[in-house]
$ cat work.cif   # mmCIF, N, CA and C atoms
data_coords
loop_
_atom_site.label_atom_id
_atom_site.label_comp_id
_atom_site.auth_asym_id
_atom_site.auth_seq_id
_atom_site.Cartn_x
_atom_site.Cartn_y
_atom_site.Cartn_z
N MET A 1 17.14 -17.04 16.61
CA MET A 1 15.78 -16.55 16.51
C MET A 1 15.68 -15.10 16.98
N LYS A 2 16.48 -14.78 18.00
CA LYS A 2 16.47 -13.42 18.52
C LYS A 2 16.98 -12.43 17.45
N ASN A 3 18.00 -12.84 16.69
CA ASN A 3 18.53 -11.98 15.64
C ASN A 3 17.50 -11.73 14.55
N PHE A 4 16.68 -12.74 14.26
CA PHE A 4 15.64 -12.59 13.25
C PHE A 4 14.67 -11.47 13.63
N PHE A 5 14.26 -11.44 14.89
CA PHE A 5 13.33 -10.42 15.33
C PHE A 5 13.97 -9.03 15.31
N ILE A 6 15.25 -8.94 15.59
CA ILE A 6 15.94 -7.66 15.53
C ILE A 6 15.99 -7.16 14.09
N VAL A 7 16.33 -8.06 13.15
CA VAL A 7 16.37 -7.69 11.74
C VAL A 7 14.97 -7.32 11.25
N PHE A 8 13.97 -8.10 11.66
CA PHE A 8 12.58 -7.83 11.26
C PHE A 8 12.14 -6.46 11.76
N ALA A 9 12.47 -6.12 13.00
CA ALA A 9 12.09 -4.83 13.56
C ALA A 9 12.78 -3.69 12.81
N CYS A 10 14.05 -3.89 12.45
CA CYS A 10 14.78 -2.85 11.70
C CYS A 10 14.18 -2.64 10.32
N VAL A 11 13.87 -3.74 9.63
CA VAL A 11 13.28 -3.63 8.29
C VAL A 11 11.90 -3.00 8.37
N LEU A 12 11.12 -3.35 9.37
CA LEU A 12 9.80 -2.77 9.55
C LEU A 12 9.90 -1.27 9.84
N ALA A 13 10.87 -0.88 10.66
CA ALA A 13 11.05 0.54 10.97
C ALA A 13 11.47 1.31 9.72
N LEU A 14 12.32 0.72 8.90
CA LEU A 14 12.72 1.38 7.66
C LEU A 14 11.54 1.52 6.71
N GLY A 15 10.71 0.51 6.65
CA GLY A 15 9.53 0.58 5.79
C GLY A 15 8.55 1.63 6.25
N LEU A 16 8.35 1.74 7.56
CA LEU A 16 7.43 2.74 8.08
C LEU A 16 7.98 4.15 7.89
N SER A 17 9.28 4.27 7.89
CA SER A 17 9.85 5.59 7.68
C SER A 17 9.76 6.02 6.22
N GLY A 18 9.40 5.13 5.33
CA GLY A 18 9.30 5.45 3.91
C GLY A 18 8.04 6.20 3.55
N ALA A 19 7.17 6.49 4.52
CA ALA A 19 5.94 7.21 4.22
C ALA A 19 6.21 8.65 3.83
N GLU A 20 7.35 9.19 4.24
CA GLU A 20 7.69 10.56 3.88
C GLU A 20 8.36 10.58 2.51
N PRO A 21 8.21 11.66 1.77
CA PRO A 21 8.88 11.74 0.47
C PRO A 21 10.39 11.68 0.64
N VAL A 22 11.04 10.97 -0.27
CA VAL A 22 12.49 10.83 -0.22
C VAL A 22 13.09 11.52 -1.43
N PRO A 23 14.31 11.98 -1.31
CA PRO A 23 14.98 12.57 -2.47
C PRO A 23 15.13 11.55 -3.59
N ALA A 24 15.27 12.03 -4.82
CA ALA A 24 15.29 11.15 -5.99
C ALA A 24 16.46 10.17 -5.96
N GLN A 25 17.62 10.55 -5.41
CA GLN A 25 18.76 9.66 -5.42
C GLN A 25 18.58 8.49 -4.45
N GLU A 26 17.70 8.61 -3.45
CA GLU A 26 17.48 7.54 -2.49
C GLU A 26 16.24 6.73 -2.80
N GLU A 27 15.58 7.00 -3.90
CA GLU A 27 14.30 6.40 -4.19
C GLU A 27 14.38 4.87 -4.35
N ASN A 28 15.45 4.36 -4.92
CA ASN A 28 15.55 2.92 -5.17
C ASN A 28 16.45 2.21 -4.19
N CYS A 29 16.43 2.61 -2.95
CA CYS A 29 17.22 1.95 -1.91
C CYS A 29 16.63 0.56 -1.67
N ASN A 30 17.44 -0.47 -1.83
CA ASN A 30 16.95 -1.84 -1.72
C ASN A 30 16.42 -2.16 -0.32
N LEU A 31 17.10 -1.70 0.71
CA LEU A 31 16.65 -1.98 2.07
C LEU A 31 15.31 -1.32 2.34
N ARG A 32 15.12 -0.10 1.83
CA ARG A 32 13.84 0.59 2.00
C ARG A 32 12.74 -0.17 1.25
N ASN A 33 13.03 -0.67 0.06
CA ASN A 33 12.03 -1.42 -0.70
C ASN A 33 11.70 -2.75 -0.03
N MET A 34 12.69 -3.38 0.59
CA MET A 34 12.40 -4.61 1.33
C MET A 34 11.51 -4.30 2.54
N GLY A 35 11.77 -3.18 3.20
CA GLY A 35 10.91 -2.75 4.31
C GLY A 35 9.50 -2.47 3.84
N ARG A 36 9.39 -1.84 2.65
CA ARG A 36 8.07 -1.60 2.06
C ARG A 36 7.35 -2.93 1.81
N GLY A 37 8.10 -3.93 1.38
CA GLY A 37 7.51 -5.24 1.14
C GLY A 37 6.98 -5.87 2.41
N VAL A 38 7.75 -5.78 3.49
CA VAL A 38 7.30 -6.33 4.78
C VAL A 38 6.06 -5.60 5.26
N VAL A 39 6.08 -4.27 5.17
CA VAL A 39 4.93 -3.48 5.60
C VAL A 39 3.70 -3.83 4.76
N ASN A 40 3.87 -4.00 3.45
CA ASN A 40 2.73 -4.32 2.59
C ASN A 40 2.17 -5.70 2.88
N VAL A 41 3.03 -6.66 3.21
CA VAL A 41 2.52 -7.99 3.57
C VAL A 41 1.74 -7.93 4.88
N VAL A 42 2.23 -7.15 5.84
CA VAL A 42 1.58 -7.06 7.15
C VAL A 42 0.28 -6.26 7.08
N THR A 43 0.22 -5.22 6.24
CA THR A 43 -0.96 -4.34 6.22
C THR A 43 -1.86 -4.54 5.01
N CYS A 44 -1.65 -5.59 4.23
CA CYS A 44 -2.44 -5.76 3.00
C CYS A 44 -3.93 -5.91 3.26
N PHE A 45 -4.31 -6.45 4.42
CA PHE A 45 -5.72 -6.65 4.72
C PHE A 45 -6.49 -5.33 4.88
N LEU A 46 -5.78 -4.23 5.09
CA LEU A 46 -6.44 -2.92 5.25
C LEU A 46 -7.04 -2.40 3.94
N GLU A 47 -6.71 -3.05 2.83
CA GLU A 47 -7.30 -2.64 1.55
C GLU A 47 -8.80 -2.90 1.51
N ILE A 48 -9.27 -3.92 2.21
CA ILE A 48 -10.71 -4.23 2.19
C ILE A 48 -11.52 -3.11 2.83
N PRO A 49 -11.22 -2.70 4.09
CA PRO A 49 -12.02 -1.59 4.63
C PRO A 49 -11.80 -0.28 3.88
N ARG A 50 -10.58 -0.05 3.35
CA ARG A 50 -10.33 1.17 2.60
C ARG A 50 -11.23 1.25 1.37
N CYS A 51 -11.29 0.17 0.61
CA CYS A 51 -12.13 0.15 -0.59
C CYS A 51 -13.62 0.20 -0.25
N MET A 52 -14.00 -0.42 0.87
CA MET A 52 -15.41 -0.37 1.27
C MET A 52 -15.83 1.06 1.62
N VAL A 53 -14.97 1.78 2.34
CA VAL A 53 -15.27 3.17 2.68
C VAL A 53 -15.33 4.02 1.41
N TYR A 54 -14.35 3.84 0.53
CA TYR A 54 -14.28 4.63 -0.69
C TYR A 54 -15.51 4.41 -1.57
N ARG A 55 -15.85 3.15 -1.81
CA ARG A 55 -17.01 2.84 -2.68
C ARG A 55 -18.33 3.21 -2.04
N ASN A 56 -18.42 3.09 -0.70
CA ASN A 56 -19.67 3.43 -0.03
C ASN A 56 -19.94 4.93 -0.10
N CYS A 57 -18.91 5.75 -0.16
CA CYS A 57 -19.10 7.20 -0.33
C CYS A 57 -19.64 7.51 -1.72
N GLU A 58 -19.29 6.70 -2.69
CA GLU A 58 -19.76 6.92 -4.06
C GLU A 58 -21.21 6.46 -4.24
N MET A 59 -21.52 5.28 -3.73
CA MET A 59 -22.88 4.75 -3.84
C MET A 59 -23.20 3.94 -2.58
N PRO A 60 -24.05 4.50 -1.70
CA PRO A 60 -24.35 3.83 -0.44
C PRO A 60 -24.93 2.43 -0.63
N PHE A 61 -24.71 1.58 0.29
CA PHE A 61 -25.06 0.17 0.39
C PHE A 61 -24.38 -0.67 -0.69
N TRP A 62 -24.61 -0.42 -1.94
CA TRP A 62 -23.98 -1.23 -2.99
C TRP A 62 -22.47 -1.02 -3.01
N GLY A 63 -22.06 0.12 -2.51
CA GLY A 63 -20.63 0.39 -2.41
C GLY A 63 -19.92 -0.53 -1.44
N LEU A 64 -20.64 -0.98 -0.41
CA LEU A 64 -20.03 -1.92 0.53
C LEU A 64 -19.71 -3.25 -0.15
N ILE A 65 -20.61 -3.70 -0.99
CA ILE A 65 -20.41 -4.96 -1.70
C ILE A 65 -19.32 -4.80 -2.75
N ALA A 66 -19.42 -3.75 -3.54
CA ALA A 66 -18.40 -3.52 -4.57
C ALA A 66 -17.05 -3.24 -3.93
N GLY A 67 -17.03 -2.55 -2.81
CA GLY A 67 -15.78 -2.25 -2.12
C GLY A 67 -15.12 -3.50 -1.54
N ALA A 68 -15.95 -4.44 -1.05
CA ALA A 68 -15.39 -5.68 -0.52
C ALA A 68 -14.73 -6.49 -1.63
N VAL A 69 -15.36 -6.52 -2.80
CA VAL A 69 -14.80 -7.25 -3.94
C VAL A 69 -13.52 -6.55 -4.43
N ASP A 70 -13.61 -5.24 -4.59
CA ASP A 70 -12.45 -4.46 -5.03
C ASP A 70 -11.31 -4.55 -4.02
N GLY A 71 -11.65 -4.47 -2.74
CA GLY A 71 -10.65 -4.56 -1.68
C GLY A 71 -9.97 -5.91 -1.62
N SER A 72 -10.71 -6.97 -1.92
CA SER A 72 -10.10 -8.30 -1.94
C SER A 72 -9.05 -8.40 -3.04
N GLY A 73 -9.37 -7.84 -4.19
CA GLY A 73 -8.39 -7.84 -5.28
C GLY A 73 -7.17 -7.00 -4.94
N CYS A 74 -7.40 -5.84 -4.33
CA CYS A 74 -6.27 -4.98 -3.95
C CYS A 74 -5.43 -5.62 -2.84
N THR A 75 -6.09 -6.38 -1.95
CA THR A 75 -5.35 -7.09 -0.90
C THR A 75 -4.39 -8.09 -1.51
N VAL A 76 -4.88 -8.86 -2.46
CA VAL A 76 -4.03 -9.85 -3.12
C VAL A 76 -2.89 -9.15 -3.85
N MET A 77 -3.21 -8.06 -4.53
CA MET A 77 -2.19 -7.32 -5.28
C MET A 77 -1.12 -6.75 -4.35
N ARG A 78 -1.53 -6.19 -3.22
CA ARG A 78 -0.58 -5.61 -2.27
C ARG A 78 0.26 -6.71 -1.62
N ALA A 79 -0.34 -7.85 -1.33
CA ALA A 79 0.43 -8.95 -0.74
C ALA A 79 1.45 -9.49 -1.74
N VAL A 80 1.05 -9.62 -3.00
CA VAL A 80 1.97 -10.12 -4.03
C VAL A 80 3.12 -9.15 -4.25
N THR A 81 2.84 -7.85 -4.29
CA THR A 81 3.93 -6.90 -4.47
C THR A 81 4.85 -6.88 -3.25
N GLY A 82 4.29 -7.09 -2.06
CA GLY A 82 5.12 -7.16 -0.86
C GLY A 82 6.03 -8.37 -0.86
N VAL A 83 5.48 -9.52 -1.21
CA VAL A 83 6.30 -10.73 -1.28
C VAL A 83 7.36 -10.60 -2.37
N THR A 84 7.00 -9.98 -3.48
CA THR A 84 7.95 -9.77 -4.56
C THR A 84 9.09 -8.86 -4.12
N ASP A 85 8.77 -7.79 -3.38
CA ASP A 85 9.82 -6.91 -2.87
C ASP A 85 10.78 -7.67 -1.96
N ILE A 86 10.24 -8.55 -1.14
CA ILE A 86 11.09 -9.31 -0.21
C ILE A 86 11.92 -10.34 -0.97
N LEU A 87 11.30 -11.09 -1.86
CA LEU A 87 12.02 -12.16 -2.57
C LEU A 87 13.10 -11.63 -3.50
N PHE A 88 12.86 -10.48 -4.14
CA PHE A 88 13.84 -9.92 -5.07
C PHE A 88 14.78 -8.93 -4.39
N LEU A 89 14.83 -8.99 -3.05
CA LEU A 89 15.76 -8.21 -2.25
C LEU A 89 15.65 -6.71 -2.50
N GLY A 90 14.45 -6.24 -2.76
CA GLY A 90 14.21 -4.82 -2.90
C GLY A 90 14.51 -4.22 -4.25
N PHE A 91 14.92 -5.04 -5.22
CA PHE A 91 15.15 -4.48 -6.56
C PHE A 91 13.81 -4.12 -7.17
N ASP A 92 13.65 -2.86 -7.55
CA ASP A 92 12.37 -2.36 -8.04
C ASP A 92 12.60 -1.64 -9.36
N TYR A 93 11.82 -1.99 -10.35
CA TYR A 93 11.94 -1.36 -11.65
C TYR A 93 10.83 -0.37 -11.91
N GLY A 94 10.04 -0.04 -10.88
CA GLY A 94 9.02 0.98 -11.00
C GLY A 94 7.78 0.60 -11.77
N THR A 95 7.46 -0.68 -11.86
CA THR A 95 6.31 -1.09 -12.65
C THR A 95 5.08 -1.40 -11.80
N ALA A 96 5.23 -1.64 -10.51
CA ALA A 96 4.10 -2.08 -9.70
C ALA A 96 3.26 -0.93 -9.17
N PHE A 97 3.89 0.15 -8.78
CA PHE A 97 3.16 1.23 -8.11
C PHE A 97 2.98 2.41 -9.05
N ASN A 98 1.79 3.00 -8.98
CA ASN A 98 1.50 4.18 -9.79
C ASN A 98 0.58 5.10 -8.99
N GLN A 99 -0.05 6.04 -9.64
CA GLN A 99 -0.89 7.02 -8.96
C GLN A 99 -2.12 6.37 -8.30
N SER A 100 -2.67 5.33 -8.89
CA SER A 100 -3.86 4.70 -8.32
C SER A 100 -3.53 3.58 -7.34
N PHE A 101 -2.35 2.98 -7.44
CA PHE A 101 -1.93 1.94 -6.50
C PHE A 101 -0.64 2.41 -5.84
N ARG A 102 -0.78 3.04 -4.68
CA ARG A 102 0.34 3.66 -3.99
C ARG A 102 1.22 2.62 -3.28
N PRO A 103 2.45 2.99 -2.93
CA PRO A 103 3.35 2.04 -2.26
C PRO A 103 2.86 1.56 -0.90
N TYR A 104 2.12 2.37 -0.18
CA TYR A 104 1.60 1.98 1.14
C TYR A 104 0.09 2.19 1.15
N VAL A 105 -0.61 1.41 1.97
CA VAL A 105 -2.07 1.50 2.01
C VAL A 105 -2.52 2.85 2.57
N TRP A 106 -1.77 3.43 3.48
CA TRP A 106 -2.18 4.71 4.05
C TRP A 106 -1.94 5.88 3.09
N ASP A 107 -1.16 5.67 2.03
CA ASP A 107 -0.98 6.70 1.01
C ASP A 107 -2.12 6.71 -0.01
N SER A 108 -2.88 5.64 -0.08
CA SER A 108 -3.98 5.54 -1.04
C SER A 108 -5.15 6.40 -0.60
N ARG A 109 -6.04 6.68 -1.54
CA ARG A 109 -7.24 7.48 -1.21
C ARG A 109 -8.22 6.64 -0.40
N TRP A 110 -8.67 7.20 0.72
CA TRP A 110 -9.67 6.56 1.54
C TRP A 110 -11.05 7.15 1.25
N LEU A 111 -11.09 8.37 0.73
CA LEU A 111 -12.34 9.03 0.38
C LEU A 111 -12.24 9.58 -1.03
N PRO A 112 -13.34 9.56 -1.78
CA PRO A 112 -13.29 10.13 -3.13
C PRO A 112 -13.12 11.65 -3.07
N PRO A 113 -12.60 12.26 -4.14
CA PRO A 113 -12.46 13.71 -4.13
C PRO A 113 -13.82 14.39 -4.06
N VAL A 114 -13.86 15.51 -3.36
CA VAL A 114 -15.10 16.26 -3.19
C VAL A 114 -15.37 17.06 -4.46
N LYS A 115 -16.60 16.96 -4.96
CA LYS A 115 -16.99 17.70 -6.17
C LYS A 115 -17.43 19.09 -5.78
N THR A 116 -17.03 20.06 -6.57
CA THR A 116 -17.43 21.44 -6.32
C THR A 116 -18.79 21.69 -6.95
N GLU A 117 -19.34 22.86 -6.69
CA GLU A 117 -20.66 23.21 -7.25
C GLU A 117 -20.66 23.23 -8.76
N VAL A 118 -19.55 23.62 -9.37
CA VAL A 118 -19.46 23.70 -10.83
C VAL A 118 -19.47 22.30 -11.43
N GLU A 119 -18.80 21.34 -10.78
CA GLU A 119 -18.72 19.96 -11.30
C GLU A 119 -20.02 19.20 -11.14
N LYS A 120 -20.87 19.59 -10.19
CA LYS A 120 -22.13 18.87 -9.96
C LYS A 120 -23.07 19.20 -11.07
#
$ encode --input "work.cif" --output "structure tokens"
Amino acid sequence: MKNFFIVFACVLALGLSGAEPVPAQEENCNLRNMGRGVVNVVTCFLEIPRCMVYRNCEMPFWGLIAGAVDGSGCTVMRAVTGVTDILFLGFDYGTAFNQSFRPYVWDSRWLPPVKTEVEK
């Protein structure tokens, strides 16, 4: 049991270190992707407050309701991608994450982009 916690801590540390950009040749490191999976399973619940803040900035009050619904869907999606990363031993074909659904919850947008005077 003690070894499990040591391995878990190492995988978690590798996943947390993945927040920085990595060179292209190291992008598909299986151990890093497994760490990303563990981090996503542990932090998936943060999608709910993230989406609530984001939607509330767009439309007050109703944004809280829409954000809670949107955040629940993103929570499930992040948990599923995390479990998939762990079960498939970090093999990633680049289909789950894109510009709107980032690899980590802290990489996602928490606030909408600010509109300039010309765009208003």
$ atom_distance --input "work.cif" --atom1 "atom CA of Cys29 of chain A" --atom2 "atom CA of Phe91 of chain A"
8.2 Å
$ closest_residue --input "work.cif" --among "A:Leu111, A:Val118, A:Leu89, A:Val83" --to "Val53 of chain A" --atoms "all atoms listed in the file"
A:Leu111
$ closest_residue --input "work.cif" --among "A:Val114, A:Cys44, A:Met59, A:Leu31" --to "Ala79 of chain A" --atoms "only N, CA and C atoms"
A:Cys44
$ resolve_selection --input "work.cif" --expression "the PyMOL selection byres (((chain A and resi 103 and name CA) around 12) and name CA)" --output "ChimeraX atom specification"
/A:15-16,18-21,27,32-41,43-44,77-79,81-82,85,92,94-102,104-109
$ atom_distance --input "work.cif" --atom1 "atom N of Pro112 of chain A" --atom2 "atom N of Cys74 of chain A"
16.7 Å
$ resolve_selection --input "work.cif" --expression "the PyMOL selection byres (((chain A and resi 51 and name CA) around 9) and name CA)" --output "list in words"
Leu46, Glu47, Ile48, Pro49, Arg50, Met52, Val53, Tyr54, Arg55, Asn56, Gly63, Leu64, Ala66, Gly67, Ala68, Val69, Asp70, Gly71, Ser72, Cys74, Arg109, Trp110 and Leu111 of chain A
